[in-house]
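One file, query22.pdb, is given below (PDB, C-alpha atoms).
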```pdb
MODEL        1
ATOM      1  CA  MET H 138     -26.005   1.842  18.284
ATOM      2  CA  SER H 139     -25.665   2.555  21.986
ATOM      3  CA  THR H 140     -23.575   0.181  24.082
ATOM      4  CA  ARG H 141     -25.029   1.381  27.350
ATOM      5  CA  VAL H 142     -26.911  -1.040  29.579
ATOM      6  CA  PRO H 143     -30.619  -0.105  29.769
ATOM      7  CA  GLN H 144     -31.564   1.955  32.833
ATOM      8  CA  GLU H 145     -33.812  -0.778  34.231
ATOM      9  CA  ARG H 146     -30.823  -3.128  34.397
ATOM     10  CA  ARG H 147     -28.716  -0.553  36.286
ATOM     11  CA  ARG H 148     -30.829  -0.163  39.425
ATOM     12  CA  ARG H 149     -28.748   0.096  42.577
ATOM     13  CA  ARG H 150     -28.712  -3.314  44.315
ATOM     14  CA  PRO H 151     -26.983  -4.403  47.515
ATOM     15  CA  THR H 152     -24.330  -7.124  47.277
ATOM     16  CA  ARG H 153     -24.155 -10.083  49.620
ATOM     17  CA  SER H 154     -21.771  -8.047  51.763
ATOM     18  CA  GLY H 155     -24.274  -5.205  52.015
ATOM     19  CA  ILE H 156     -22.578  -2.853  49.528
ATOM     20  CA  LEU H 157     -25.028  -0.980  47.353
ATOM     21  CA  LEU H 158     -23.822  -1.525  43.781
ATOM     22  CA  SER H 159     -23.879   1.317  41.280
ATOM     23  CA  GLU H 160     -22.131   2.231  38.059
ATOM     24  CA  ASP H 161     -20.119   4.897  39.888
ATOM     25  CA  LEU H 162     -18.969   2.477  42.590
ATOM     26  CA  ILE H 163     -17.883  -0.091  40.011
ATOM     27  CA  VAL H 164     -15.875   2.533  38.103
ATOM     28  CA  GLU H 165     -14.259   3.810  41.305
ATOM     29  CA  THR H 166     -13.331   0.280  42.340
ATOM     30  CA  ALA H 167     -11.948  -0.490  38.890
ATOM     31  CA  LEU H 168      -9.792   2.647  39.001
ATOM     32  CA  ARG H 169      -8.474   1.629  42.416
ATOM     33  CA  LEU H 170      -7.621  -1.884  41.242
ATOM     34  CA  ILE H 171      -5.869  -0.578  38.140
ATOM     35  CA  GLY H 172      -3.972   1.954  40.238
ATOM     36  CA  GLU H 173      -2.799  -0.740  42.648
ATOM     37  CA  HIS H 174      -2.147  -3.636  40.271
ATOM     38  CA  GLY H 175      -2.128  -2.305  36.704
ATOM     39  CA  PRO H 176      -4.533  -2.778  33.770
ATOM     40  CA  GLU H 177      -4.326  -6.560  34.068
ATOM     41  CA  ALA H 178      -6.321  -6.258  37.303
ATOM     42  CA  LEU H 179      -9.408  -5.257  35.338
ATOM     43  CA  SER H 180     -11.424  -8.460  35.235
ATOM     44  CA  VAL H 181     -14.960  -9.292  36.202
ATOM     45  CA  ARG H 182     -13.672 -11.849  38.693
ATOM     46  CA  ARG H 183     -11.381  -9.435  40.520
ATOM     47  CA  LEU H 184     -13.985  -6.698  40.513
ATOM     48  CA  GLY H 185     -16.557  -9.067  41.949
ATOM     49  CA  ALA H 186     -14.145 -10.049  44.723
ATOM     50  CA  ALA H 187     -13.330  -6.420  45.507
ATOM     51  CA  LEU H 188     -16.997  -5.457  45.608
ATOM     52  CA  GLY H 189     -18.128  -8.553  47.503
ATOM     53  CA  CYS H 190     -20.575  -9.589  44.801
ATOM     54  CA  ASP H 191     -21.065 -12.317  42.250
ATOM     55  CA  PRO H 192     -19.118 -11.293  39.136
ATOM     56  CA  THR H 193     -22.234 -11.736  37.003
ATOM     57  CA  ALA H 194     -23.871  -8.869  38.915
ATOM     58  CA  LEU H 195     -21.568  -6.460  37.089
ATOM     59  CA  TYR H 196     -23.309  -7.284  33.827
ATOM     60  CA  ARG H 197     -26.363  -5.451  35.106
ATOM     61  CA  TYR H 198     -24.331  -2.260  34.722
ATOM     62  CA  PHE H 199     -21.833  -2.981  31.920
ATOM     63  CA  HIS H 200     -21.889  -5.301  28.926
ATOM     64  CA  GLY H 201     -18.311  -6.363  29.669
ATOM     65  CA  THR H 202     -14.873  -5.092  30.562
ATOM     66  CA  ASP H 203     -14.561  -3.013  27.382
ATOM     67  CA  ASP H 204     -17.772  -1.186  28.242
ATOM     68  CA  LEU H 205     -16.282  -0.588  31.678
ATOM     69  CA  VAL H 206     -13.022   0.728  30.152
ATOM     70  CA  LEU H 207     -15.063   3.330  28.271
ATOM     71  CA  ALA H 208     -16.764   4.362  31.506
ATOM     72  CA  ILE H 209     -13.367   4.630  33.217
ATOM     73  CA  ALA H 210     -12.070   6.803  30.382
ATOM     74  CA  ASP H 211     -15.103   9.045  30.669
ATOM     75  CA  ARG H 212     -14.707   9.312  34.444
ATOM     76  CA  ILE H 213     -11.126  10.545  34.012
ATOM     77  CA  ILE H 214     -12.349  13.184  31.556
ATOM     78  CA  GLY H 215     -15.205  14.188  33.829
ATOM     79  CA  ASP H 216     -12.978  14.561  36.877
ATOM     80  CA  ALA H 217     -10.433  16.549  34.868
ATOM     81  CA  MET H 218     -13.027  18.942  33.483
ATOM     82  CA  ALA H 219     -15.065  19.322  36.672
ATOM     83  CA  GLU H 220     -16.142  22.935  37.173
ATOM     84  CA  PHE H 221     -14.230  24.081  34.086
ATOM     85  CA  VAL H 222     -15.856  27.171  32.591
ATOM     86  CA  PRO H 223     -14.321  28.574  29.395
ATOM     87  CA  GLY H 224     -13.385  32.227  29.583
ATOM     88  CA  ASP H 225     -13.451  34.991  26.993
ATOM     89  CA  ASP H 226      -9.915  34.150  25.837
ATOM     90  CA  TRP H 227     -10.258  31.039  23.663
ATOM     91  CA  VAL H 228      -6.506  30.439  23.638
ATOM     92  CA  ALA H 229      -6.235  30.516  27.433
ATOM     93  CA  SER H 230      -9.306  28.285  27.703
ATOM     94  CA  LEU H 231      -7.852  25.658  25.359
ATOM     95  CA  ARG H 232      -4.599  25.783  27.311
ATOM     96  CA  GLU H 233      -6.456  25.168  30.551
ATOM     97  CA  MET H 234      -8.281  22.245  28.958
ATOM     98  CA  ALA H 235      -4.932  20.742  27.945
ATOM     99  CA  LEU H 236      -3.477  21.135  31.434
ATOM    100  CA  ARG H 237      -6.575  19.568  32.942
ATOM    101  CA  VAL H 238      -6.298  16.552  30.626
ATOM    102  CA  ARG H 239      -2.707  15.987  31.695
ATOM    103  CA  ALA H 240      -3.568  16.386  35.374
ATOM    104  CA  GLY H 241      -6.385  13.863  34.977
ATOM    105  CA  TYR H 242      -4.063  11.313  33.401
ATOM    106  CA  LEU H 243      -1.346  11.850  36.003
ATOM    107  CA  ALA H 244      -3.955  11.245  38.705
ATOM    108  CA  HIS H 245      -4.580   7.791  37.195
ATOM    109  CA  PRO H 246      -1.360   6.970  35.315
ATOM    110  CA  ARG H 247      -1.958   3.243  35.023
ATOM    111  CA  ALA H 248      -5.453   3.751  33.642
ATOM    112  CA  ALA H 249      -4.364   6.484  31.221
ATOM    113  CA  ALA H 250      -2.894   4.014  28.730
ATOM    114  CA  MET H 251      -6.279   2.299  28.520
ATOM    115  CA  ALA H 252      -8.173   5.564  28.113
ATOM    116  CA  ALA H 253      -6.236   7.922  25.851
ATOM    117  CA  HIS H 254      -7.089   6.304  22.514
ATOM    118  CA  ARG H 255     -10.741   5.420  23.196
ATOM    119  CA  VAL H 256     -13.962   7.187  22.204
ATOM    120  CA  THR H 257     -16.120   6.918  25.306
ATOM    121  CA  ARG H 258     -19.473   7.886  23.712
ATOM    122  CA  ARG H 259     -20.414   9.251  27.114
ATOM    123  CA  ARG H 260     -21.448  12.534  28.646
ATOM    124  CA  SER H 261     -18.106  13.886  29.874
ATOM    125  CA  GLU H 262     -16.319  13.276  26.592
ATOM    126  CA  ILE H 263     -19.205  14.705  24.576
ATOM    127  CA  GLN H 264     -19.229  17.833  26.722
ATOM    128  CA  ALA H 265     -15.452  18.234  26.384
ATOM    129  CA  VAL H 266     -15.657  17.948  22.580
ATOM    130  CA  GLU H 267     -18.554  20.403  22.555
ATOM    131  CA  THR H 268     -16.519  22.866  24.606
ATOM    132  CA  GLY H 269     -13.321  22.530  22.566
ATOM    133  CA  ILE H 270     -14.994  22.878  19.173
ATOM    134  CA  GLY H 271     -17.103  25.706  20.535
ATOM    135  CA  LEU H 272     -13.961  27.602  21.502
ATOM    136  CA  LEU H 273     -12.573  27.277  17.980
ATOM    137  CA  LEU H 274     -15.879  28.343  16.453
ATOM    138  CA  SER H 275     -15.834  31.385  18.749
ATOM    139  CA  ALA H 276     -12.386  32.216  17.362
ATOM    140  CA  GLY H 277     -13.938  32.530  13.914
ATOM    141  CA  PHE H 278     -12.917  29.210  12.359
ATOM    142  CA  GLU H 279     -15.322  27.731   9.849
ATOM    143  CA  PRO H 280     -17.068  24.536  11.052
ATOM    144  CA  ALA H 281     -14.957  22.136   8.994
ATOM    145  CA  ALA H 282     -11.728  23.786  10.155
ATOM    146  CA  ALA H 283     -12.897  23.922  13.780
ATOM    147  CA  ALA H 284     -13.598  20.186  13.800
ATOM    148  CA  ARG H 285     -10.303  19.184  12.174
ATOM    149  CA  LEU H 286      -8.186  21.586  14.211
ATOM    150  CA  TYR H 287      -9.809  20.454  17.440
ATOM    151  CA  LEU H 288      -8.985  16.864  16.496
ATOM    152  CA  ALA H 289      -5.347  17.814  15.887
ATOM    153  CA  PHE H 290      -5.278  19.724  19.169
ATOM    154  CA  ILE H 291      -6.837  17.042  21.355
ATOM    155  CA  ASP H 292      -4.950  14.150  19.748
ATOM    156  CA  THR H 293      -1.667  15.928  20.457
ATOM    157  CA  VAL H 294      -2.703  16.737  24.015
ATOM    158  CA  LEU H 295      -3.910  13.202  24.732
ATOM    159  CA  SER H 296      -0.817  11.564  23.239
ATOM    160  CA  HIS H 297       1.598  13.758  25.166
ATOM    161  CA  ALA H 298      -0.402  13.449  28.386
ATOM    162  CA  ALA H 299      -0.525   9.659  28.005
ATOM    163  CA  THR H 300       3.259   9.589  27.511
ATOM    164  CA  ASP H 301       3.776  11.572  30.712
ATOM    165  CA  ALA H 302       1.351   9.289  32.544
ATOM    166  CA  ALA H 303       3.099   6.172  31.228
ATOM    167  CA  PHE H 304       6.400   7.479  32.584
ATOM    168  CA  GLN H 305       4.756   8.246  35.916
ATOM    169  CA  ALA H 306       3.425   4.676  36.029
ATOM    170  CA  LEU H 307       6.938   3.210  35.823
ATOM    171  CA  PRO H 308       8.527   1.898  39.021
ATOM    172  CA  ARG H 309      10.413   4.622  40.881
ATOM    173  CA  GLN H 310      13.813   3.048  40.173
ATOM    174  CA  GLN H 311      13.200   3.078  36.420
ATOM    175  CA  ARG H 312      12.065   6.708  36.486
ATOM    176  CA  GLU H 313      15.147   7.727  38.445
ATOM    177  CA  ALA H 314      17.442   5.789  36.090
ATOM    178  CA  ASP H 315      15.945   7.533  33.063
ATOM    179  CA  HIS H 316      16.402  10.914  34.724
ATOM    180  CA  ARG H 317      20.031  10.132  35.572
ATOM    181  CA  ALA H 318      20.775   9.095  31.992
ATOM    182  CA  TRP H 319      20.620  12.711  30.825
ATOM    183  CA  ARG H 320      23.340  13.556  33.335
ATOM    184  CA  ASP H 321      25.450  10.413  33.490
ATOM    185  CA  VAL H 322      25.338   9.187  29.885
ATOM    186  CA  TYR H 323      24.708  12.250  27.753
ATOM    187  CA  GLN H 324      27.112  14.458  29.671
ATOM    188  CA  GLY H 325      30.014  12.120  28.887
ATOM    189  CA  LEU H 326      29.617  11.765  25.131
ATOM    190  CA  ASP H 327      32.560  12.305  22.776
ATOM    191  CA  PRO H 328      32.392  15.918  21.479
ATOM    192  CA  ALA H 329      33.878  14.906  18.131
ATOM    193  CA  ALA H 330      31.177  12.313  17.541
ATOM    194  CA  TYR H 331      28.287  14.350  18.951
ATOM    195  CA  PRO H 332      28.973  18.060  18.360
ATOM    196  CA  ALA H 333      25.327  19.135  18.593
ATOM    197  CA  LEU H 334      24.824  17.422  21.939
ATOM    198  CA  THR H 335      28.099  18.881  23.163
ATOM    199  CA  ALA H 336      26.931  22.379  22.215
ATOM    200  CA  VAL H 337      23.860  22.042  24.439
ATOM    201  CA  ARG H 338      25.491  19.926  27.148
ATOM    202  CA  PRO H 339      24.534  22.261  30.051
ATOM    203  CA  GLU H 340      20.869  22.005  28.990
ATOM    204  CA  LEU H 341      20.689  18.227  28.691
ATOM    205  CA  PRO H 342      19.654  17.471  32.308
ATOM    206  CA  GLY H 343      16.494  19.438  31.566
ATOM    207  CA  MET H 344      15.568  16.850  28.948
ATOM    208  CA  ALA H 345      14.383  14.715  31.827
ATOM    209  CA  ASP H 346      11.492  17.116  32.366
ATOM    210  CA  SER H 347       8.166  16.960  30.560
ATOM    211  CA  SER H 348       7.819  19.197  27.516
ATOM    212  CA  PHE H 349       4.025  19.128  27.739
ATOM    213  CA  GLU H 350       3.456  22.838  28.318
ATOM    214  CA  GLU H 351       5.946  23.874  25.638
ATOM    215  CA  ALA H 352       4.285  21.540  23.153
ATOM    216  CA  VAL H 353       0.830  22.903  23.992
ATOM    217  CA  ASP H 354       2.052  26.488  23.622
ATOM    218  CA  LEU H 355       3.546  25.698  20.206
ATOM    219  CA  LEU H 356       0.261  24.140  19.145
ATOM    220  CA  LEU H 357      -1.727  27.133  20.365
ATOM    221  CA  GLU H 358       0.612  29.521  18.575
ATOM    222  CA  ALA H 359      -0.086  27.619  15.362
ATOM    223  CA  LEU H 360      -3.839  27.912  15.971
ATOM    224  CA  VAL H 361      -3.540  31.626  16.628
ATOM    225  CA  ALA H 362      -1.594  32.036  13.388
ATOM    226  CA  ARG H 363      -4.476  30.392  11.507
ATOM    227  CA  ALA H 364      -7.258  32.238  13.305
ATOM    228  CA  PRO H 365      -9.297  34.684  11.208
ATOM    229  CA  ALA H 366      -8.106  38.271  11.500
ATOM    230  CA  GLY H 367      -9.612  40.178  14.390
ATOM    231  CA  ARG H 368     -10.622  37.040  16.319
ATOM    232  CA  VAL H 369      -7.287  36.089  17.787
ATOM    233  CA  ARG H 370      -8.012  36.347  21.519
ATOM    234  CA  GLY H 371     -11.571  37.414  22.194
ATOM    235  CA  ARG H 372     -14.762  35.437  21.883
TER     236      ARG H 372
ENDMDL
END
```

As structure tokens - that is how I would like this structure written.
Amino acid sequence: MSTRVPQERRRRRPTRSGILLSEDLIVETALRLIGEHGPEALSVRRLGAALGCDPTALYRYFHGTDDLVLAIADRIIGDAMAEFVPGDDWVASLREMALRVRAGYLAHPRAAAMAAHRVTRRRSEIQAVETGIGLLLSAGFEPAAAARLYLAFIDTVLSHAATDAAFQALPRQQREADHRAWRDVYQGLDPAAYPALTAVRPELPGMADSSFEEAVDLLLEALVARAPAGRVRGR
């Protein structure tokens, strides 16, 4: 069953302050509030105040805050995938999709935690799933394998991207302290107690960096290894 508000209830209407309400404006305002104050800022009351309208007016566009969360999640996907056109190389296209997902989450780090695990049921998500599964079908995977492998691919991408976004959403002092730990704490460990860490000691400061691209490349290598013979790169 659809959770969308019927079209006749979503007509654009001016608020008492003269702002013309729309679904897009509400989503944009919600993203701004979350970006400034965190997920706890997402309430009908605060949105109404920010938009200069009676909070009940928002129910003409969304059934409630959860419906709005799904729209926010779909907006992040839509912005990330804007103008994306898959190329002939299915591996490169999936890699670009992954990088776009991460960039979309980093653009809205505080909203990412609310969005990564949801199924939006909306146009942008549906188009992204269509594109991703289509790329795997073009690689020669059977339908059942294409669906399951796309799920494994996108779940890994979303989880890693959400982790990076969550770190980005931390206060600057906490991020800097975590970065310094790889130099200040791990560099001074007892070699007898931690021989493996001692062996890679010069590399440990790099542990502060995201491993997103390496993880995506490993995942894509696994997909290539499973791809039917003769369909590894071309479509």

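The nearest approach to His174 of chain H among the residues H:Ala329, H:Ala306, H:Leu356, H:Ala194, with only C-alpha atoms taken into account, belongs to H:Ala306.
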
Convert the output of the PyMOL selection byres ((chain H and resi 302) around 7) on the shown file into explicit residues, formatted as a PyMOL selection string. chain H and resi 242-243+246+249+298-301+303-306

Find the residues near Ile291 of chain H: any atom within 9 Å, counting only C-alpha atoms, skip ones fewer than 3 places away on the same chain, and give them as a list in words. Ala235, Val266, Gly269, Leu286, Tyr287, Leu288, Val294, Leu295 and Ser296 of chain H

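Between atom CA of Pro308 of chain H and atom CA of Ala250 of chain H the interatomic distance comes to 15.5 Å.
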
Test item: the PyMOL selection byres ((chain H and resi 262) around 10) resolved as a ChimeraX atom specification: /H:210-215,218,256-261,263-268

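Taking atom CA of Glu233 of chain H as the reference point, atom CA of Ala219 of chain H is found at 12.1 Å.
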
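Across the model, the gap from atom CA of Arg182 of chain H to atom CA of Leu170 of chain H is 11.9 Å.
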